[in-house]
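A short worksheet on the structure shown next.
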Amino acid sequence: MDFATRWDDELRSVVERLCRFETVAGAEADAQRWLRERLGEYGFETYEWEADPATLAAHPSFPDDPDAIDAEGRPSVAGVREFGDPDAGPTLVLNGHVDVVPAGSGWEGDPFEPRWDGDRLTARGAADMKASLGACLFAARHVAETATDLDGRLVVESVVGEEEGGVGTAAATLESPYPFERDAAIVAEPTELRPVTATEGSLMARLRLDGRSAHAASRWRGESVLPHFERIRRAFADLERERGERVTHPLYEEYPVPWPVCVGRVEAGRWASSVADELVAEVRIGVAPGETVAEVEREFEARFAEVVADDPWLEAHPPTFERFSIQFEPAEVDPDETVVRAVRSGMEAVGLDGTAPRGATYGADNRHFVEAGVPAVVFGPGSVDRAHFPEESVDWEEVLLAGEVLSRAATTFLERDG
């Protein structure tokens with residue numbers, strides 16, 4: 001029996017239930033408790049862990065202050081199925097995150113009450129990535145029910161804090177919760193059913209500028225921060241363009257801006273009738289596979305210093321440009337890795353085109369696996385273009401296809417003669 005025929009109804013029910021949990025940062029525990037119960041009912045050996053803030057603080061992706069890392073009461077959970085002689089075969093992890101970003105405005109209904117329009121499911125987390133998490137779970141069940149001649153283990157992980165840098169996955173790769181090694185991972189982020197073997201990193205930096213206030217009626221007596229900020233913004237835009245021409249990667253040629261610089265937040269001034277005398281801006285800067293966050297940081301710091309040196313006010317009133325929040329290192333895996341070939345084989349078996357690996361301009365938890373020496377490919381249903389948006393949705397046919405591909409990939413990976 002094929003995957004869709006066997007699991008469609010039950011998978012819909014589980015994904016709908018997951019989408020009803022409002023699993024924003026710090027509120028994942030109820031969903032994780034429910035999911036762990038389901039894993040136990042389905043015959044998985046279950047595991048649970050919470051991140052240690054001190055351990056994460058020692059990792060370059062996270063803030064240096066453990067008190068700035070929210071980990072308490074945020075369990076990640078996993079279920080393990082063993083096949084044949086589990087120690088004689090490899091272990092494959094199917095990884096998904098249960099946390100979602102806040103819903104925000106612009107929804108036509110309750111974002112945490114799933115709605116169907118034909119075969120399209122709409123809810124916060126539908127695409128990013130509760131449908132994918134469900135596909136991982138039922139792919140593992142399908143393998144357990146249908147496959148023979150396998151050795152090894154399948155692990156289904158539901159982790160927390162991916163949107164905050166990968167809290168659950170980082171914890172599991174830094175201090176393993178399992179009594180066995182992991183050989184490869186599939187991270188089921190929304191990739192439009194394409195295998196992603198390279199993900200971009202990002203530097204998060206905060207810019208602070210000081211000017212001099214004055215009454216709006218005599219603004220010439222003050223020093224507005226806005227023209228100074230605009231010079232810095234233009235300099236960063238120029239560097240973005242230069243890097244797009246100079247830093248190349250074969251999997252990123254399709255992107256018009258491969259290493260984007262986004263000024264995502266700006267707050268300036270105190271009062272409409274006063275010259276703006278202070279400004280804080282937050283910037284996200286793309287880091288190419290093969291680079292490091294530190295290298296790119298130095299490059300932007302150098303361009304920032306050039307602007308300051310050419311501006312008498314800034315030179316006399318030095319602005320700051322410093323890291324904050326979470327840093328994402330880029331990650332890349334050889335397209336010829338066994339796990340990548342297994343995913344591509346599964347895609348071909350169900351008639352999916354576009355099996356050639358691609359790169360993504362976002363970061364994902366695959367980087368934590370790769371850093372730990374565990375090859376990881378990103379593959380899942382839905383599109384990142386629907387993630388973090390109002391009316392987030394996923395095509396259910398893609399979810400079923402993803403489940404079929406994942407089950408075939410896992411079977412291929414664990415086959416005794418594979």
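Identifiers for the structure tokens are assigned positionally: chains receive A, B, ... in sequence, residues are indexed from 1 per chain, and ligands are indexed from 1 in the order shown.
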
Practice task
Determine, counting only C-alpha atoms, which protein, DNA and RNA residues have an atom within 8 Å of an atom of Leu400 of chain A; residues of the same chain fewer than 6 positions away are not included. Present the result as a list of chain:residue names.
Solution key: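 The contact residues come out as A:Phe3, A:Ala4, A:Asp8, A:Ala135.
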
Taking N, CA and C atoms for each residue, export the selection above as a CSV table (one decimal), in the first residue's frame.
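Saved as selection10.csv:
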chain,number,residue,atom,x,y,z
A,3,PHE,N,2.1,5.3,0.4
A,3,PHE,CA,2.0,6.1,1.6
A,3,PHE,C,0.7,6.9,1.8
A,4,ALA,N,0.3,7.6,0.7
A,4,ALA,CA,-0.9,8.4,0.8
A,4,ALA,C,-2.2,7.6,1.1
A,8,ASP,N,-3.1,9.0,4.8
A,8,ASP,CA,-3.6,10.4,4.6
A,8,ASP,C,-4.5,10.9,5.7
A,135,ALA,N,5.0,14.7,8.3
A,135,ALA,CA,5.5,13.8,7.3
A,135,ALA,C,6.6,12.9,7.7

Show me, as an mmCIF file with N, CA and C atoms, in the first residue's frame, the residues that have an atom within 10 Å of Gly403 of chain A when counting only C-alpha atoms, minus same-chain residues fewer than 6 positions from it.
data_model
loop_
_atom_site.group_PDB
_atom_site.id
_atom_site.type_symbol
_atom_site.label_atom_id
_atom_site.label_comp_id
_atom_site.auth_asym_id
_atom_site.auth_seq_id
_atom_site.Cartn_x
_atom_site.Cartn_y
_atom_site.Cartn_z
ATOM 1 N N PHE A 3 2.060 5.293 0.445
ATOM 2 C CA PHE A 3 2.038 6.145 1.633
ATOM 3 C C PHE A 3 0.720 6.901 1.773
ATOM 4 N N ALA A 4 0.275 7.561 0.703
ATOM 5 C CA ALA A 4 -0.925 8.400 0.785
ATOM 6 C C ALA A 4 -2.161 7.579 1.150
ATOM 7 N N TRP A 7 -1.844 6.497 4.954
ATOM 8 C CA TRP A 7 -1.693 7.414 6.084
ATOM 9 C C TRP A 7 -2.418 8.754 5.950
ATOM 10 N N ASP A 8 -3.051 9.037 4.823
ATOM 11 C CA ASP A 8 -3.598 10.371 4.576
ATOM 12 C C ASP A 8 -4.478 10.862 5.723
ATOM 13 N N LEU A 11 -2.586 11.252 9.113
ATOM 14 C CA LEU A 11 -1.617 12.345 9.035
ATOM 15 C C LEU A 11 -2.323 13.692 9.102
ATOM 16 N N ALA A 131 3.480 20.465 9.084
ATOM 17 C CA ALA A 131 3.143 19.444 8.097
ATOM 18 C C ALA A 131 4.369 18.591 7.783
ATOM 19 N N SER A 132 5.537 19.228 7.713
ATOM 20 C CA SER A 132 6.779 18.489 7.484
ATOM 21 C C SER A 132 7.098 17.565 8.650
ATOM 22 N N LEU A 133 6.890 18.058 9.865
ATOM 23 C CA LEU A 133 7.130 17.233 11.046
ATOM 24 C C LEU A 133 6.221 16.007 11.024
ATOM 25 N N GLY A 134 4.953 16.222 10.651
ATOM 26 C CA GLY A 134 4.040 15.095 10.515
ATOM 27 C C GLY A 134 4.493 14.120 9.451
ATOM 28 N N ALA A 135 4.995 14.650 8.322
ATOM 29 C CA ALA A 135 5.481 13.770 7.255
ATOM 30 C C ALA A 135 6.646 12.915 7.739
ATOM 31 N N CYS A 136 7.529 13.489 8.551
ATOM 32 C CA CYS A 136 8.644 12.715 9.118
ATOM 33 C C CYS A 136 8.123 11.567 9.988
ATOM 34 N N LEU A 137 7.171 11.881 10.854
ATOM 35 C CA LEU A 137 6.639 10.881 11.772
ATOM 36 C C LEU A 137 6.008 9.717 11.010
ATOM 37 N N PHE A 138 5.182 10.051 10.024
ATOM 38 C CA PHE A 138 4.472 8.982 9.325
ATOM 39 C C PHE A 138 5.352 8.281 8.301
ATOM 40 N N ALA A 139 6.385 8.947 7.815
ATOM 41 C CA ALA A 139 7.360 8.248 6.978
ATOM 42 C C ALA A 139 8.046 7.156 7.779
ATOM 43 N N ALA A 140 8.413 7.469 9.026
ATOM 44 C CA ALA A 140 9.048 6.463 9.881
ATOM 45 C C ALA A 140 8.083 5.315 10.176
ATOM 46 N N HIS A 142 5.706 4.350 8.219
ATOM 47 C CA HIS A 142 5.545 3.603 6.966
ATOM 48 C C HIS A 142 6.716 2.643 6.769
ATOM 49 N N GLY A 380 11.713 19.113 2.118
ATOM 50 C CA GLY A 380 10.369 19.047 2.670
ATOM 51 C C GLY A 380 9.348 19.704 1.777
ATOM 52 N N PRO A 381 8.072 19.578 2.140
ATOM 53 C CA PRO A 381 6.985 20.154 1.357
ATOM 54 C C PRO A 381 6.790 21.632 1.676
ATOM 55 N N GLU A 397 -1.031 17.769 -1.164
ATOM 56 C CA GLU A 397 -0.436 16.799 -2.069
ATOM 57 C C GLU A 397 1.083 16.786 -1.908
ATOM 58 N N ALA A 409 13.488 7.251 1.009
ATOM 59 C CA ALA A 409 14.875 7.629 1.293
ATOM 60 C C ALA A 409 15.395 6.890 2.525
#

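If you count only C-alpha atoms and ignore residues fewer than 3 places along the chain from Glu22 of chain A, what sits within 10 Å of it is A:Leu18, A:Cys19, A:Ala25, A:Ala27, A:Glu28, A:Asp30, A:Ala31, A:Val98, A:Asp99, A:Val100, A:Val101, A:Pro102, A:Ala103, A:Pro111, A:Phe112, A:Glu113, A:Arg124, A:Gly125.
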
Exercise for the section: For atom CA of Arg6 of chain A and atom CA of Phe379 of chain A, quote the distance in Å rounded to one decimal. Expected result: 21.8 Å

Exercise for the section: Name the residues of segment 46-245 of chain A that fall into helix (DSSP H, G or I) according to DSSP on the backbone, using the chain letters and numbers of this document, as a ChimeraX atom specification. Expected result: /A:53-57,66-68,86-88,126-146,162-164,167-174,216-221,226-245

Exercise for the section: Taking the DSSP assignment computed from this structure's backbone, write out as JSON, numbers by chain all residues of segment 273-334 of chain A that belong to strand (DSSP E or B). Expected result: {"A": [274, 278, 279, 280, 281, 282, 283, 284, 285, 286, 287, 289, 291, 320, 321, 322, 323, 328, 331, 332]}

Take the selection from the previous step and output its residues with C-alpha atoms, as a short mmCIF file (atom, residue, chain, number, x, y, z; two decimals), in the first residue's frame.
data_model
loop_
_atom_site.label_atom_id
_atom_site.label_comp_id
_atom_site.auth_asym_id
_atom_site.auth_seq_id
_atom_site.Cartn_x
_atom_site.Cartn_y
_atom_site.Cartn_z
CA SER A 274 12.90 67.72 17.53
CA GLU A 278 19.78 58.98 18.25
CA LEU A 279 19.24 55.96 16.05
CA VAL A 280 19.31 52.18 16.49
CA ALA A 281 19.18 49.91 13.46
CA GLU A 282 19.30 46.13 13.25
CA VAL A 283 20.84 44.49 10.21
CA ARG A 284 20.87 40.93 8.88
CA ILE A 285 23.81 40.17 6.56
CA GLY A 286 24.04 37.03 4.42
CA VAL A 287 27.07 34.74 4.72
CA PRO A 289 28.73 28.75 2.15
CA GLU A 291 32.67 31.82 4.45
CA THR A 320 28.92 51.35 17.12
CA PHE A 321 28.30 48.29 14.98
CA GLU A 322 28.10 45.12 17.10
CA ARG A 323 26.70 41.61 17.00
CA PHE A 328 23.90 31.48 11.75
CA ALA A 331 26.44 24.90 6.02
CA GLU A 332 27.10 22.68 3.06
#

Problem - Spatial neighbours of Phe229 of chain A, 10 Å, only C-alpha atoms, chain gap at least 5 places, as a list in words - result: Leu207, Arg208, Leu209, Ser224, Arg234, Ala235, Val266, Ala268, Leu279, Val280, Ala281 and Pro319 of chain A

Please write the residues from the selection above to a file, keeping C-alpha atoms, as a CSV table (one decimal), in the first residue's frame.
chain,number,residue,atom,x,y,z
A,207,LEU,CA,24.1,49.9,14.7
A,208,ARG,CA,23.9,52.9,17.1
A,209,LEU,CA,24.3,56.5,16.1
A,224,SER,CA,20.3,64.7,12.6
A,234,ARG,CA,24.3,53.1,1.1
A,235,ALA,CA,27.8,51.8,1.9
A,266,VAL,CA,15.2,51.3,12.5
A,268,ALA,CA,15.3,57.1,15.4
A,279,LEU,CA,19.2,56.0,16.1
A,280,VAL,CA,19.3,52.2,16.5
A,281,ALA,CA,19.2,49.9,13.5
A,319,PRO,CA,28.9,55.1,16.3

Problem - All residues 12 Å or closer to Asp238 of chain A, only C-alpha atoms, same chain fewer than 3 positions away omitted, as a PyMOL selection string - result: chain A and resi 231-235+241-245+260-261+300+303-304

Fill in the blank from the handout: Restricting to only C-alpha atoms, whichever of A:Gly165, A:Gly290, A:Pro318, A:Pro256 is closest to Asp210 of chain A is A:Pro318

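Distances here use only C-alpha atoms; by that measure, the residue among A:Ala360, A:Gly269, A:Glu200, A:Ala127 closest to Thr292 of chain A is A:Glu200.
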
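The coordinates place atom CA of Asp52 of chain A at 12.0 Å from atom CA of Ser176 of chain A.
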
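Among the candidates A:Thr197, A:Thr46, A:Ser393, A:Thr91, the residue lying nearest to Lys130 of chain A is A:Ser393 (atoms considered: only C-alpha atoms).
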
Problem - Contact residues around Glu82 of chain A with only C-alpha atoms at 8 Å, ignoring same-chain residues under 6 positions, as a PyMOL selection string - result: chain A and resi 151-154

Handout entry: Separation of atom CA of Val263 of chain A from atom CA of Ala216 of chain A, in Å and rounded to one decimal
Key =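 Calculated distance between atom CA of Val263 of chain A and atom CA of Ala216 of chain A is 26.7 Å.
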
Got a sec: who's within 6 Å of Val378 of chain A, counting only C-alpha atoms, leaving out chain neighbours fewer than 4 positions off, as an mmCIF file with C-alpha atoms, in the first residue's frame?
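And here's result.cif as it stands now:
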data_model
loop_
_atom_site.group_PDB
_atom_site.id
_atom_site.type_symbol
_atom_site.label_atom_id
_atom_site.label_comp_id
_atom_site.auth_asym_id
_atom_site.auth_seq_id
_atom_site.Cartn_x
_atom_site.Cartn_y
_atom_site.Cartn_z
ATOM 1 C CA ILE A 186 17.175 14.988 6.809
ATOM 2 C CA VAL A 187 15.910 18.363 8.039
ATOM 3 C CA ALA A 188 12.393 18.709 6.662
ATOM 4 C CA PRO A 195 16.961 18.772 -2.045
ATOM 5 C CA VAL A 196 18.933 21.611 -0.455
#

Exercise for the section: Measuring atom to atom with only C-alpha atoms, identify which of A:Trp49, A:Trp220, A:Trp116, A:Phe62 is nearest to Gly168 of chain A. Expected result: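 Closest to Gly168 of chain A of all the choices is A:Trp49.
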